[in-house]
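Reproduced below: target37.pdb, with PDB, C-alpha atoms.
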ATOM      1  CA  MET A  26       0.000   0.000   0.000  1.00  0.00           C
ATOM      2  CA  ALA A  27       2.023   2.952   1.223  1.00  0.00           C
ATOM      3  CA  GLU A  28       5.758   3.147   0.860  1.00  0.00           C
ATOM      4  CA  GLY A  29       8.254   5.138   2.896  1.00  0.00           C
ATOM      5  CA  ARG A  30       6.757   7.305   5.598  1.00  0.00           C
ATOM      6  CA  GLU A  31       3.865   6.050   7.621  1.00  0.00           C
ATOM      7  CA  TYR A  32       2.516   9.547   8.325  1.00  0.00           C
ATOM      8  CA  ILE A  33       2.397  12.711   6.261  1.00  0.00           C
ATOM      9  CA  SER A  34       2.876  15.833   8.338  1.00  0.00           C
ATOM     10  CA  HIS A  35       1.618  19.240   7.336  1.00  0.00           C
ATOM     11  CA  GLU A  36       2.850  22.290   9.223  1.00  0.00           C
ATOM     12  CA  SER A  37       0.803  25.451   9.666  1.00  0.00           C
ATOM     13  CA  GLU A  38       0.851  28.511  11.901  1.00  0.00           C
ATOM     14  CA  LEU A  39      -1.368  26.605  14.360  1.00  0.00           C
ATOM     15  CA  GLY A  40       0.884  23.546  14.596  1.00  0.00           C
ATOM     16  CA  SER A  41       1.227  20.289  12.729  1.00  0.00           C
ATOM     17  CA  VAL A  42      -1.244  17.748  11.430  1.00  0.00           C
ATOM     18  CA  SER A  43      -0.149  14.175  10.729  1.00  0.00           C
ATOM     19  CA  ILE A  44      -2.197  11.959   8.421  1.00  0.00           C
ATOM     20  CA  SER A  45      -1.573   8.245   8.163  1.00  0.00           C
ATOM     21  CA  GLU A  46      -0.873   7.008   4.644  1.00  0.00           C
ATOM     22  CA  GLU A  47      -3.361   4.237   5.430  1.00  0.00           C
ATOM     23  CA  VAL A  48      -6.050   6.877   5.960  1.00  0.00           C
ATOM     24  CA  LEU A  49      -5.311   8.323   2.526  1.00  0.00           C
ATOM     25  CA  ALA A  50      -5.509   4.842   1.013  1.00  0.00           C
ATOM     26  CA  VAL A  51      -8.897   4.212   2.665  1.00  0.00           C
ATOM     27  CA  ILE A  52     -10.189   7.530   1.315  1.00  0.00           C
ATOM     28  CA  ALA A  53      -8.980   6.639  -2.192  1.00  0.00           C
ATOM     29  CA  ALA A  54     -10.489   3.148  -2.043  1.00  0.00           C
ATOM     30  CA  ALA A  55     -13.843   4.373  -0.748  1.00  0.00           C
ATOM     31  CA  ALA A  56     -14.055   6.991  -3.496  1.00  0.00           C
ATOM     32  CA  ALA A  57     -13.181   4.434  -6.183  1.00  0.00           C
ATOM     33  CA  VAL A  58     -15.787   1.835  -5.228  1.00  0.00           C
ATOM     34  CA  GLU A  59     -18.535   4.467  -5.162  1.00  0.00           C
ATOM     35  CA  VAL A  60     -18.095   5.176  -8.887  1.00  0.00           C
ATOM     36  CA  GLU A  61     -20.864   3.744 -11.069  1.00  0.00           C
ATOM     37  CA  GLY A  62     -19.527   0.857 -13.114  1.00  0.00           C
ATOM     38  CA  VAL A  63     -16.870  -0.181 -10.604  1.00  0.00           C
ATOM     39  CA  SER A  64     -17.558  -3.700  -9.434  1.00  0.00           C
ATOM     40  CA  CYS A  65     -14.738  -3.858  -6.919  1.00  0.00           C
ATOM     41  CA  LEU A  66     -11.126  -3.027  -6.295  1.00  0.00           C
ATOM     42  CA  GLY A  67      -8.450  -5.334  -7.575  1.00  0.00           C
ATOM     43  CA  SER A  68      -8.644  -7.043  -4.182  1.00  0.00           C
ATOM     44  CA  GLY A  69     -12.168  -8.265  -4.984  1.00  0.00           C
ATOM     45  CA  LEU A  70     -13.822  -5.992  -2.407  1.00  0.00           C
ATOM     46  CA  SER A  71     -17.144  -4.738  -3.747  1.00  0.00           C
ATOM     47  CA  SER A  72     -18.839  -1.448  -2.961  1.00  0.00           C
ATOM     48  CA  ASP A  73     -21.594  -3.377  -1.160  1.00  0.00           C
ATOM     49  CA  VAL A  74     -19.290  -4.424   1.629  1.00  0.00           C
ATOM     50  CA  THR A  75     -17.093  -1.353   2.021  1.00  0.00           C
ATOM     51  CA  ALA A  76     -19.174   0.018   4.867  1.00  0.00           C
ATOM     52  CA  THR A  77     -18.352  -2.952   7.067  1.00  0.00           C
ATOM     53  CA  ALA A  78     -14.913  -3.842   5.736  1.00  0.00           C
ATOM     54  CA  ASN A  79     -11.850  -3.349   7.836  1.00  0.00           C
ATOM     55  CA  ARG A  80      -9.247  -0.884   6.654  1.00  0.00           C
ATOM     56  CA  LYS A  81      -6.679  -3.480   5.604  1.00  0.00           C
ATOM     57  CA  ALA A  82      -9.141  -5.261   3.319  1.00  0.00           C
ATOM     58  CA  LEU A  83     -10.429  -1.996   1.859  1.00  0.00           C
ATOM     59  CA  THR A  84      -6.979  -0.789   0.855  1.00  0.00           C
ATOM     60  CA  LYS A  85      -5.872  -3.934  -0.973  1.00  0.00           C
ATOM     61  CA  GLY A  86      -5.379  -2.913  -4.556  1.00  0.00           C
ATOM     62  CA  VAL A  87      -4.390   0.640  -3.543  1.00  0.00           C
ATOM     63  CA  ARG A  88      -0.829   1.936  -3.401  1.00  0.00           C
ATOM     64  CA  LEU A  89       0.167   5.470  -2.673  1.00  0.00           C
ATOM     65  CA  TRP A  90       3.165   7.546  -1.810  1.00  0.00           C
ATOM     66  CA  VAL A  91       3.867  11.167  -1.045  1.00  0.00           C
ATOM     67  CA  GLU A  92       6.658  13.268  -2.455  1.00  0.00           C
ATOM     68  CA  GLU A  93       6.969  16.967  -1.671  1.00  0.00           C
ATOM     69  CA  GLU A  94       3.414  17.257  -0.288  1.00  0.00           C
ATOM     70  CA  LYS A  95       1.940  15.621  -3.431  1.00  0.00           C
ATOM     71  CA  VAL A  96       0.154  12.280  -3.289  1.00  0.00           C
ATOM     72  CA  THR A  97       0.434   9.728  -6.090  1.00  0.00           C
ATOM     73  CA  VAL A  98      -2.236   7.016  -6.053  1.00  0.00           C
ATOM     74  CA  GLU A  99      -2.244   3.734  -7.958  1.00  0.00           C
ATOM     75  CA  LEU A 100      -5.220   1.428  -7.775  1.00  0.00           C
ATOM     76  CA  SER A 101      -6.662  -1.526  -9.600  1.00  0.00           C
ATOM     77  CA  ILE A 102     -10.355  -2.029 -10.293  1.00  0.00           C
ATOM     78  CA  LEU A 103     -12.762  -4.472 -11.868  1.00  0.00           C
ATOM     79  CA  VAL A 104     -15.427  -2.955 -14.112  1.00  0.00           C
ATOM     80  CA  ARG A 105     -18.981  -4.229 -14.471  1.00  0.00           C
ATOM     81  CA  TYR A 106     -19.782  -5.689 -17.874  1.00  0.00           C
ATOM     82  CA  GLY A 107     -21.685  -3.232 -20.065  1.00  0.00           C
ATOM     83  CA  TYR A 108     -19.850  -0.095 -18.926  1.00  0.00           C
ATOM     84  CA  VAL A 109     -17.302   1.733 -21.052  1.00  0.00           C
ATOM     85  CA  VAL A 110     -13.988   0.855 -19.419  1.00  0.00           C
ATOM     86  CA  THR A 111     -12.239   4.141 -20.196  1.00  0.00           C
ATOM     87  CA  ASP A 112     -15.199   6.190 -18.918  1.00  0.00           C
ATOM     88  CA  VAL A 113     -15.278   4.268 -15.637  1.00  0.00           C
ATOM     89  CA  ALA A 114     -11.498   4.577 -15.198  1.00  0.00           C
ATOM     90  CA  ARG A 115     -11.647   8.329 -15.842  1.00  0.00           C
ATOM     91  CA  ALA A 116     -14.508   8.708 -13.351  1.00  0.00           C
ATOM     92  CA  VAL A 117     -12.427   6.808 -10.777  1.00  0.00           C
ATOM     93  CA  GLN A 118      -9.493   9.146 -11.397  1.00  0.00           C
ATOM     94  CA  ASP A 119     -11.727  12.182 -10.880  1.00  0.00           C
ATOM     95  CA  ALA A 120     -13.381  10.771  -7.748  1.00  0.00           C
ATOM     96  CA  VAL A 121     -10.138   9.688  -6.092  1.00  0.00           C
ATOM     97  CA  PHE A 122      -8.359  12.928  -6.997  1.00  0.00           C
ATOM     98  CA  SER A 123     -11.146  15.025  -5.473  1.00  0.00           C
ATOM     99  CA  ALA A 124     -11.622  12.862  -2.390  1.00  0.00           C
ATOM    100  CA  VAL A 125      -7.947  12.755  -1.436  1.00  0.00           C
ATOM    101  CA  GLU A 126      -7.361  16.426  -2.126  1.00  0.00           C
ATOM    102  CA  ASN A 127     -10.520  17.652  -0.392  1.00  0.00           C
ATOM    103  CA  THR A 128     -10.257  15.480   2.702  1.00  0.00           C
ATOM    104  CA  SER A 129      -6.509  15.710   3.307  1.00  0.00           C
ATOM    105  CA  GLY A 130      -5.627  19.187   2.097  1.00  0.00           C
ATOM    106  CA  LEU A 131      -2.685  17.659   0.230  1.00  0.00           C
ATOM    107  CA  GLY A 132      -2.189  18.065  -3.474  1.00  0.00           C
ATOM    108  CA  VAL A 133      -2.561  15.058  -5.742  1.00  0.00           C
ATOM    109  CA  ALA A 134       0.141  14.528  -8.332  1.00  0.00           C
ATOM    110  CA  CYS A 135      -1.735  11.819 -10.229  1.00  0.00           C
ATOM    111  CA  VAL A 136      -4.148   8.913  -9.972  1.00  0.00           C
ATOM    112  CA  ASN A 137      -3.193   5.847 -12.012  1.00  0.00           C
ATOM    113  CA  VAL A 138      -5.955   3.299 -12.582  1.00  0.00           C
ATOM    114  CA  ALA A 139      -5.386  -0.251 -13.803  1.00  0.00           C
ATOM    115  CA  VAL A 140      -8.485  -2.098 -14.975  1.00  0.00           C
ATOM    116  CA  VAL A 141      -7.650  -5.695 -14.119  1.00  0.00           C
ATOM    117  CA  GLY A 142     -10.925  -7.406 -14.978  1.00  0.00           C
ATOM    118  CA  VAL A 143     -14.592  -7.372 -15.855  1.00  0.00           C
ATOM    119  CA  THR A 144     -17.377  -8.808 -13.707  1.00  0.00           C
ATOM    120  CA  PHE A 145     -20.736 -10.108 -14.850  1.00  0.00           C
ATOM    121  CA  GLN A 146     -24.170  -9.888 -13.228  1.00  0.00           C
ATOM    122  CA  LYS A 147     -25.190 -13.152 -11.552  1.00  0.00           C
TER
END
Any chance you could put this one into structure tokens?
Amino acid sequence: MAEGREYISHESELGSVSISEEVLAVIAAAAAVEVEGVSCLGSGLSSDVTATANRKALTKGVRLWVEEEKVTVELSILVRYGYVVTDVARAVQDAVFSAVENTSGLGVACVNVAVVGVTFQK
């Protein structure tokens, strides 16, 4: 998941705020599985179970690192059959970018999405 530092610290005139890289990964994963057309993360965790999933399970399929106050996110997803793969991947990029930036206050360098499979309705 996260490489290097375990916490990202941000200094301000009021003091410092430290955010766990795992927290950023959970935010990214939650945003990704909420996108229409995403069946699950590369870990096989579907959006239906994210509310009750533990953090370790939720962040499988998500890697991130921070360099110079910029977050780079890589995640893998499975797309539901019938959706346009590139549209879903782009929507995931937008959702993850916004979620990480808005909730952490850190800039996002990029969001790389790997579509690793397609799922079919049962």
Using 12 Å as the limit and counting all atoms listed in the file, can you tabulate each residue of range 33-71 of chain A that touches range 124-127 of chain A, with its shortest atom-to-atom distance in Å and the two atoms involved, as CSV?
residue,atom,partner,partner_atom,distance
A:Ile44,CA,A:Val125,CA,11.4
A:Glu46,CA,A:Val125,CA,11.0
A:Glu47,CA,A:Val125,CA,11.9
A:Val48,CA,A:Val125,CA,9.6
A:Leu49,CA,A:Val125,CA,6.5
A:Ala50,CA,A:Val125,CA,8.6
A:Val51,CA,A:Val125,CA,9.5
A:Ile52,CA,A:Val125,CA,6.3
A:Ala53,CA,A:Val125,CA,6.2
A:Ala54,CA,A:Ala124,CA,9.8
A:Ala55,CA,A:Ala124,CA,8.9
A:Ala56,CA,A:Ala124,CA,6.5
A:Ala57,CA,A:Ala124,CA,9.4
A:Glu59,CA,A:Ala124,CA,11.2
A:Val60,CA,A:Ala124,CA,12.0
Fill in: Pairwise distance for CA of Val110 in chain A and CA of Gly142 in chain A, rounded to one decimal in Å
9.9 Å
Item to complete: Run through the PyMOL selection byres ((chain A and resi 116) around 12) on the given coordinates and return the selected residues as a ChimeraX atom specification.
Response: /A:56-63,102,104,108-115,117-123,136-138
Discussion item. Between A:Ser64, A:Ser34, A:Ser41, A:Ser101, which residue has the minimum interatomic distance to Ala139 in chain A, considering all atoms listed in the file?
Written reply: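 Between A:Ser64, A:Ser34, A:Ser41, A:Ser101, the residue approaching Ala139 in chain A most closely is A:Ser101.
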Item to complete: Decode the PyMOL selection byres ((chain A and resi 133) around 6) for the given file into explicit residues and return them as a ChimeraX atom specification.
Response: /A:95-96,132,134-135
Discussion item. List the spatial neighbours of Val143 in chain A as a list in words - criterion: any atom at most 6 Å away, all atoms listed in the file, same-chain residues fewer than 6 positions off excluded.
Written reply: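 Contacts, with the query itself left out: Leu103, Val104, Arg105 and Tyr106 of chain A.
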Worksheet entry | Pairwise distance for CA of Glu31 in chain A and CA of Trp90 in chain A, rounded to one decimal in Å |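 Answer for the CA of Glu31 in chain A to CA of Trp90 in chain A separation: 9.6 Å.
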Let me know the centre plus edge lengths, in Å and rounded to one decimal, of a box with edges along x, y and z that contains all listed atoms of range 123-134 of chain A and is padded by 5 Å on every side, as JSON.
{"center_x": -5.7, "center_y": 16.0, "center_z": -2.5, "size_x": 21.8, "size_y": 16.4, "size_z": 21.6}
Worksheet item: How many Å separate CA of Leu89 in chain A from CA of Gly130 in chain A?
Response: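 Those two atoms sit 15.6 Å apart.
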Discussion item. Assuming the chain letters and numbering stay as they are in my file, what does the PyMOL selection byres ((chain A and resi 87) around 6) actually select? List them as a PyMOL selection string.
Written reply: chain A and resi 26+84-86+88+99-100
Fill in: Of the listed residues A:Cys65, A:Gly107, A:Phe145, A:Ser43, that which approaches Leu131 in chain A most closely, counting all atoms listed in the file
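The shortest atom-to-atom distance to Leu131 in chain A comes from A:Ser43.
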Discussion item. Taking all atoms listed in the file into account, name the residue in A:Ser45, A:Gln146, A:Thr97, A:Thr128 that is nearest to Ile33 in chain A.
Written reply: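 Closest residue, counting all atoms listed in the file: A:Ser45.
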